[in-house]
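Data block below; observations after.
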Amino acid sequence: MHSTTLPRTADGAAGSPFARQVGTRPAAARHRLARMWRGPADDPAWARPALVALLALTLATYSWQLTASGWANSFYSAAAQAGSQSWEAFFYGASDASGSITVDKPPASLWVMALSVRLLGLSSLSILLPQVLMGVATTGVVASTAKRVSGAGAGLLAGAVFALTPVAVLMFRFNNPDALLVLLMALAAWATVRAVERGSVRWMGLVGVLVGLGFLTKTLQVLLVVPALGLAWLLAARTSGRRRALGALVASAAAVVSAGWWVAVVELVPASMRPYIGGSQTNSFLELTFGYNGLGRINGEETGSVGGGGGWGETGIGRLFSSSIGGQISWLVPTALVLLVAGLWLRGRAPRTDLRRAAYVVWGGWLVVTALTFSFMAGIFHEYYTVALAPAVAALVGMGAADAWSARGRLGGRLVLAGATAVGAAWSAVLLSRTTAYGDWLRVSVLVLGLAAALGLLLAERVSRRAAAAVASAAVVALLLGPTAYSATTISQAHTGSIVTAGPSTAGGGGPGGQGGPGGQGGPGNQGGPGGQGRQGAQPPQAMPGQGTAPGAAPGGAPAGGGAGGMGGLLDASTPSTEVVAALSQDASRYRWVAAAVGSQNAAGLQLATELPVMAIGGFNGSDPSPTLEEMQQLVADGDIHYLLAGSGMGGSGSGSAAQILEWASSRYEQVSIDGTTFYDLTAPLATTQAAS
C-alpha cells in the first residue's frame with residue numbers, strides 16, 4: 001500500500017485542496033467585510049465608518065419616541081389600514097376597505113404603509129416606521145451623491161445637513177406622501193449623476209422610472225426636479241449629442257410608462273367598478289391631477305378646496321424666509337445659494353463633461369425651480385411642503401464647501417468660505433430671534449461662533465493645517481446649531497393632523513405640531529391651539545347646516561380620550577369612546593360600511609378604532625360629490641350602511657351633496673346618542689316617515 005502525504009497549510013496542518021479552500025473562506029469573508037467597512041481604496045480611512053455612524057444616528061434619532069404621534073395623519077393611516085385588508089383598496093388607494101372613495105393623491109406611499117401593516121399588524125409603529133427608513137435611505141443617497149463628485153468630506157457634510165433639517169426630521173417621522181416623494185427625487189438625482197458620468201442611456205431610463213414613481217406618489221410635484229435633471233444630462237453627459245437626445249427620450253418614455261400604467265387602469269375601468277377618485281369633482285384622476293393637485297395649486301382656483309383664494313399666506317420671493325416657514329427649511333438656503341454660485345464659478349473653465357459642474361446643475365436647478373414655485377404658488381400651500389428642498393440644500397452645502405475648501409489657497413476660495421459661513425450664521429441668528437424657546441444664549445452663540453469662524457477662514461492659509469481644520473469645524477457647528485435645536489424640539493413633540501410644523505412656535509407661525517398656543521383658535525395669520533392648525537393666514541370654512549361635535553367629543557368640541565378634531569374634524573381625527581366602538585362593531589358583518597361620516601378625518605377616527613370600513617362622504621373636505629344624495633339613498637335602501645355621524649365634516653367649494661345627505665338623514669332617521677356622540681341610525685326610519693311611506 002502506498003502512503004500519500006497530504007499537503008500542509010501555512011500553519012503546518014495537513015489538508016486536501018478542498019480543505020485548504022474551506023479553511024480560507026473565513027479569512028476571505030473577513031477580508032470582504034473589512035473592504036466594505038473601508039470603502040473604496042481611494043477613500044480616507046474614516047469615510048465609511050463616519051457614514052455608517054451618521055446613518056445609525058439618523059435611524060436612532062428619527063425613531064426616538066416615534067409612536068408618540070399615534071396615527072399621525074389619520075387620513076393616510078386609515079387608507080393604509082384599508083389597503084391591508086383589501087387588495088382592491090390597496091391598488092386604488094381607497095379610504096376604506098369597501099372602496100367608497102380614494103384619498104386625493106396617487107397610492108404609492110400608501111402601498112408601502114399598507115404592506116407594513118400587513119406584515120406587522122395595525123399600529124402606530126407599522127404606519128410610521130417606513131417613513132423613518134426612507135429618511136435614513138435619503139440621507140445615504142444625498143451623502144453618496146455628494147461624495148461621488150466632491151469627496152468623502154462633502155458627502156458626510158451633505159448627509160448631516162439633510163438629516164438635521166427640521167422639516168426633514170418632521171416629515172420622515174410622519175406618514176404624508178412627502179417622505180417617499182423626497183426619497184424618489186433624491187434617487188433620481190443620484191441616477192442622473194451616474195448617467196452623466198457614464199454617458200449611459202440605461203441610467204437615464206432609471207431616472208425616468210424614478211420620476212414616474214414620484215408621480216404615483218404626489219402627481220405633478222415631482223416634475224419640479226425634471227428640468228434640472230434633463231439639463232444636466234443634455235449639457236454634460238459623456239457621450240455624443242445623438243445619444244444625449246436618445247437618453248432624454250428614453251427617460252421621458254420610462255416616466256410615462258412607469259406612471260401611466262396605473263393612470264390608464266384607473267381611467268379605463270368603469271366608474272361603477274372602482275372607488276370614486278377623491279379630490280375630483282368628476283370622478284377623474286386626470287381632473288384631480290391637472291386641477292385640484294395641478295394648476296389649482298399654482299393659481300389658487302382649486303374646486304373643492306377649503307380656504308385658498310389668497311388664504312394660504314403671502315406669496316413672493318420672501319415666502320420661504322417668513323416667520324411661519326423660515327424655521328422649517330431656510331437655515332442654510334442663503335449659504336447654499338452662495339456656494340452654488342461659487343461652485344459654478346470655480347468650475348467655469350472645466351470641460352463640458354465636468355461631473356462636478358453637472359452636479360451643481362442638478363442640485364442647483366432643483367433648488368431654484370422648486371423654491372420659486374413654492375414662493376409664488378397661490379393655491380394650497382403648507383409649511384411641510386418645503387421638505388422637497390432639503391436634499392438640494394444639503395448637497396449644495398456639502399459640495400460647495402468642499403470645493404471652496406480645496407481652493408482656500410486663493411483669496412477667492414477663502415472669501416467664499418467666510419461669506420457662506422457669515423451669511424448662514426447671521427440668518428440662523430435671525431431665525432432664532434423669532435422664538436423664545438431657547439433664550440438668547442443660543443442665538444448669540446451661533447452669531448459669535450459663526451462670525452469668528454468666518455474671520456478664521458479668511459486667515460486659513462496663515463495658520464497650521466490643524467488650526468484651519470479646527471476653524472472649519474467651528475463653522476460647521478455654528479451653521480448646524482440652530483437647525484439641530486429645532487430638530488430636537490421636533491423630536492420631543494407629538495405631531496398629529498393634516499397640517500404639521502417642525503420646531504417651536506414662532507411669531508406669526510404655528511406652534512408645535514402645527515398648533516398654536518393654548519386658548520384654541522387664534523386670529524388670522526396664526527390659527528392654532530389644540531385642535532387648530534398653524535396654517536398662516538387661512539380662514540376656517542363655514543360649518544355645514546346641522547354641524548355638531550366630532551366623534552366621541554364632549555360638548556363644545558373637545559375630544560374625548562384622543563386627539564382633537566381640528567376645524568370640525570377636517571384637519572384631524574378624534575378618538576371615539578369604547579362605547580362608540582362597541583356599537584359600531586355590533587353586527588358589523590351585516591353592513592358594507594358600519595358607519596359614514598362627512599369628511600375623511602371624521603371617518604378615519606371611527607375606522608382606525610374599529611378596524612371596520614367607514615365611508616368618508618365627500619372625501620377629505622366633504623366637498624366631493626361622492627356619494628350623491630340619490631346614491632346614498634340607494635345604499636341605505638340596500639342596507640349597506642348602519643350609522644351616519646350627525647353634523648360631521650366641513651365642506652368647501654364644490655359639491656353640496658354632503659349637506660343634502662345630512663339634511664335628508666336628519667328628517668328621515670332616528671337620532672341615537674352613544675356616549676355623547678350623535679348618529680343617525682339608517683336602519684331605523686322615523687315613525688312619521690314610515691307612515692308617509
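By order in the C-alpha cells, chains are A, B, ...; within a chain, residues start at 1; ligands start at 1, following the order shown.
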Discussion item. Please identify the helix (DSSP H, G or I) residues within range 356-451 of chain A (assignment by DSSP from backbone atoms) and present them as number ranges by chain.
Written reply: A: 356-376, 383-406, 411-432, 439-451
Fill in: Nearby residues (only C-alpha atoms) at most 12 Å from Leu246 in chain A, same-chain spacing under 2 positions excluded, as a list in words
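Residues meeting the cut-off are Gly199, Ser200, Val201, Arg202, Trp203, Met204, Gly205, Gly230, Trp233, Leu234, Ala237, Thr239, Ser240, Gly241, Arg242, Arg243, Arg244, Ala248, Leu249, Val250, Ala251, Ser252 and Ala253 of chain A.
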Could the residues in this selection be written to a file with C-alpha atoms, as a PDB file, in the first residue's frame?
```
ATOM      1  CA  GLY A 199     -22.923  58.706 -20.667  1.00  0.00           C
ATOM      2  CA  SER A 200     -25.418  55.903 -20.091  1.00  0.00           C
ATOM      3  CA  VAL A 201     -28.851  55.841 -21.718  1.00  0.00           C
ATOM      4  CA  ARG A 202     -29.810  52.948 -19.421  1.00  0.00           C
ATOM      5  CA  TRP A 203     -29.198  55.054 -16.335  1.00  0.00           C
ATOM      6  CA  MET A 204     -31.428  57.747 -17.819  1.00  0.00           C
ATOM      7  CA  GLY A 205     -34.077  55.085 -18.206  1.00  0.00           C
ATOM      8  CA  GLY A 230     -32.658  66.883 -18.055  1.00  0.00           C
ATOM      9  CA  TRP A 233     -27.788  65.230 -18.923  1.00  0.00           C
ATOM     10  CA  LEU A 234     -28.071  67.212 -22.134  1.00  0.00           C
ATOM     11  CA  ALA A 237     -23.213  63.600 -20.427  1.00  0.00           C
ATOM     12  CA  THR A 239     -21.479  60.790 -24.935  1.00  0.00           C
ATOM     13  CA  SER A 240     -22.468  62.143 -28.333  1.00  0.00           C
ATOM     14  CA  GLY A 241     -25.250  64.640 -28.931  1.00  0.00           C
ATOM     15  CA  ARG A 242     -27.333  61.958 -30.642  1.00  0.00           C
ATOM     16  CA  ARG A 243     -27.144  59.643 -27.626  1.00  0.00           C
ATOM     17  CA  ARG A 244     -27.908  62.512 -25.290  1.00  0.00           C
ATOM     18  CA  ALA A 248     -33.756  62.210 -22.882  1.00  0.00           C
ATOM     19  CA  LEU A 249     -36.364  60.377 -24.963  1.00  0.00           C
ATOM     20  CA  VAL A 250     -35.793  57.112 -23.092  1.00  0.00           C
ATOM     21  CA  ALA A 251     -36.131  58.865 -19.732  1.00  0.00           C
ATOM     22  CA  SER A 252     -39.361  60.530 -20.844  1.00  0.00           C
ATOM     23  CA  ALA A 253     -40.807  57.265 -22.127  1.00  0.00           C
TER      24      ALA A 253
END
```
Worksheet entry | Surrounding residues of range 420-432 of chain A excluding itself and chain neighbours under 6 positions, 10 Å, only C-alpha atoms, as a ChimeraX atom specification | /A:321-323,326-328,330-339,342,397,400-401,404,414,438-440,442-455,457,472,474-483,485-486,506
Discussion item. What's around Val211 in chain A at 10 Å? Count only C-alpha atoms, leave out sequence neighbours fewer than 2 positions away in its own chain, and write the answer as a ChimeraX atom specification.
Written reply: /A:181,184-185,187-189,205-209,213-217,219-220,222-223,225-226,251-252,254-256,258-259
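Comparing the minimum interatomic distances between Gln607 in chain A and each of A:Ala80, A:Ala45, A:Leu389, A:Leu119, counting only C-alpha atoms, we find that A:Ala80 sits nearest.
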Fill in: Test item: residues at most 10 Å from range 104-111 of chain A, only C-alpha atoms, excluding those fewer than 3 positions along its chain, as a PyMOL selection string
chain A and resi 76-84+89-95+101+114-117+127+130-131+175-181+213-219+259+262-263+277-280+285+288-289+292-293+619-620
Worksheet item: Pick from A:Ala359, A:Ile380, A:Ala371, A:Ala232: nearest to Thr145 in chain A, with only C-alpha atoms counted?
Response: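 Answer, going by the shortest atom-to-atom distance: A:Ala359.
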Discussion item. Can you measure CA of Trp345 in chain A to CA of Val463 in chain A for me? One decimal in Å is fine.
Written reply: 26.1 Å
Worksheet item: What separation in Å, quoted to one decimal, exists between CA of Ala158 in chain A and CA of Ala186 in chain A?
Response: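 CA of Ala158 in chain A sits 12.5 Å away from CA of Ala186 in chain A.
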Practice prompt. Compile the contact shell of range 133-135 of chain A as an NGL selection string: residues with an atom at most 10 Å away, counting only C-alpha atoms, same-chain residues fewer than 5 positions apart removed.
Written response: :A and (55 or 58-59 or 62-63 or 128 or 140-141 or 162-163 or 168-169 or 171-173 or 179-184)
Export of the given selection (N, CA and C atoms) as a JSON list (two decimals), in the first residue's frame:
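Written output follows (selection.json):
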```json
[["chain", "number", "residue", "atom", "x", "y", "z"],
["A", 55, "LEU", "N", -25.61, 57.34, 9.49],
["A", 55, "LEU", "CA", -26.87, 56.66, 9.21],
["A", 55, "LEU", "C", -27.45, 56.02, 10.45],
["A", 58, "THR", "N", -28.92, 58.76, 12.50],
["A", 58, "THR", "CA", -30.16, 59.21, 11.87],
["A", 58, "THR", "C", -31.30, 58.25, 12.19],
["A", 59, "LEU", "N", -31.03, 56.96, 12.11],
["A", 59, "LEU", "CA", -32.05, 55.96, 12.43],
["A", 59, "LEU", "C", -32.49, 56.07, 13.88],
["A", 62, "TYR", "N", -34.45, 59.52, 14.35],
["A", 62, "TYR", "CA", -35.78, 59.54, 13.74],
["A", 62, "TYR", "C", -36.73, 58.55, 14.42],
["A", 63, "SER", "N", -36.20, 57.53, 15.05],
["A", 63, "SER", "CA", -37.04, 56.52, 15.71],
["A", 63, "SER", "C", -37.41, 56.90, 17.13],
["A", 128, "LEU", "N", -45.63, 54.35, 10.80],
["A", 128, "LEU", "CA", -44.59, 55.39, 10.75],
["A", 128, "LEU", "C", -43.20, 54.86, 10.46],
["A", 140, "GLY", "N", -28.55, 58.68, 3.13],
["A", 140, "GLY", "CA", -27.48, 57.95, 2.46],
["A", 140, "GLY", "C", -27.34, 58.31, 0.99],
["A", 141, "VAL", "N", -28.47, 58.50, 0.31],
["A", 141, "VAL", "CA", -28.43, 58.85, -1.11],
["A", 141, "VAL", "C", -27.81, 60.23, -1.32],
["A", 162, "PHE", "N", -28.71, 67.37, 5.67],
["A", 162, "PHE", "CA", -30.05, 66.86, 5.35],
["A", 162, "PHE", "C", -30.71, 66.26, 6.58],
["A", 163, "ALA", "N", -30.00, 65.40, 7.29],
["A", 163, "ALA", "CA", -30.59, 64.71, 8.43],
["A", 163, "ALA", "C", -31.04, 65.66, 9.52],
["A", 168, "ALA", "N", -37.29, 68.01, 7.51],
["A", 168, "ALA", "CA", -37.00, 66.62, 7.16],
["A", 168, "ALA", "C", -37.19, 65.72, 8.37],
["A", 169, "VAL", "N", -36.72, 66.18, 9.53],
["A", 169, "VAL", "CA", -36.95, 65.41, 10.77],
["A", 169, "VAL", "C", -38.44, 65.21, 10.99],
["A", 171, "MET", "N", -41.00, 65.28, 8.65],
["A", 171, "MET", "CA", -41.73, 64.51, 7.65],
["A", 171, "MET", "C", -41.26, 63.07, 7.52],
["A", 172, "PHE", "N", -40.05, 62.77, 7.97],
["A", 172, "PHE", "CA", -39.62, 61.37, 7.95],
["A", 172, "PHE", "C", -39.98, 60.65, 9.26],
["A", 173, "ARG", "N", -40.76, 61.32, 10.09],
["A", 173, "ARG", "CA", -41.38, 60.69, 11.26],
["A", 173, "ARG", "C", -42.90, 60.81, 11.16],
["A", 179, "ALA", "N", -42.50, 61.99, 2.27],
["A", 179, "ALA", "CA", -41.30, 61.21, 2.59],
["A", 179, "ALA", "C", -40.86, 60.37, 1.40],
["A", 180, "LEU", "N", -41.78, 59.61, 0.83],
["A", 180, "LEU", "CA", -41.44, 58.78, -0.32],
["A", 180, "LEU", "C", -41.10, 59.64, -1.53],
["A", 181, "LEU", "N", -41.82, 60.75, -1.71],
["A", 181, "LEU", "CA", -41.54, 61.64, -2.84],
["A", 181, "LEU", "C", -40.10, 62.14, -2.79],
["A", 182, "VAL", "N", -39.66, 62.60, -1.63],
["A", 182, "VAL", "CA", -38.30, 63.14, -1.49],
["A", 182, "VAL", "C", -37.26, 62.06, -1.73],
["A", 183, "LEU", "N", -37.50, 60.85, -1.23],
["A", 183, "LEU", "CA", -36.57, 59.76, -1.48],
["A", 183, "LEU", "C", -36.46, 59.47, -2.97],
["A", 184, "LEU", "N", -37.58, 59.41, -3.67],
["A", 184, "LEU", "CA", -37.55, 59.11, -5.10],
["A", 184, "LEU", "C", -36.88, 60.22, -5.90]]
```
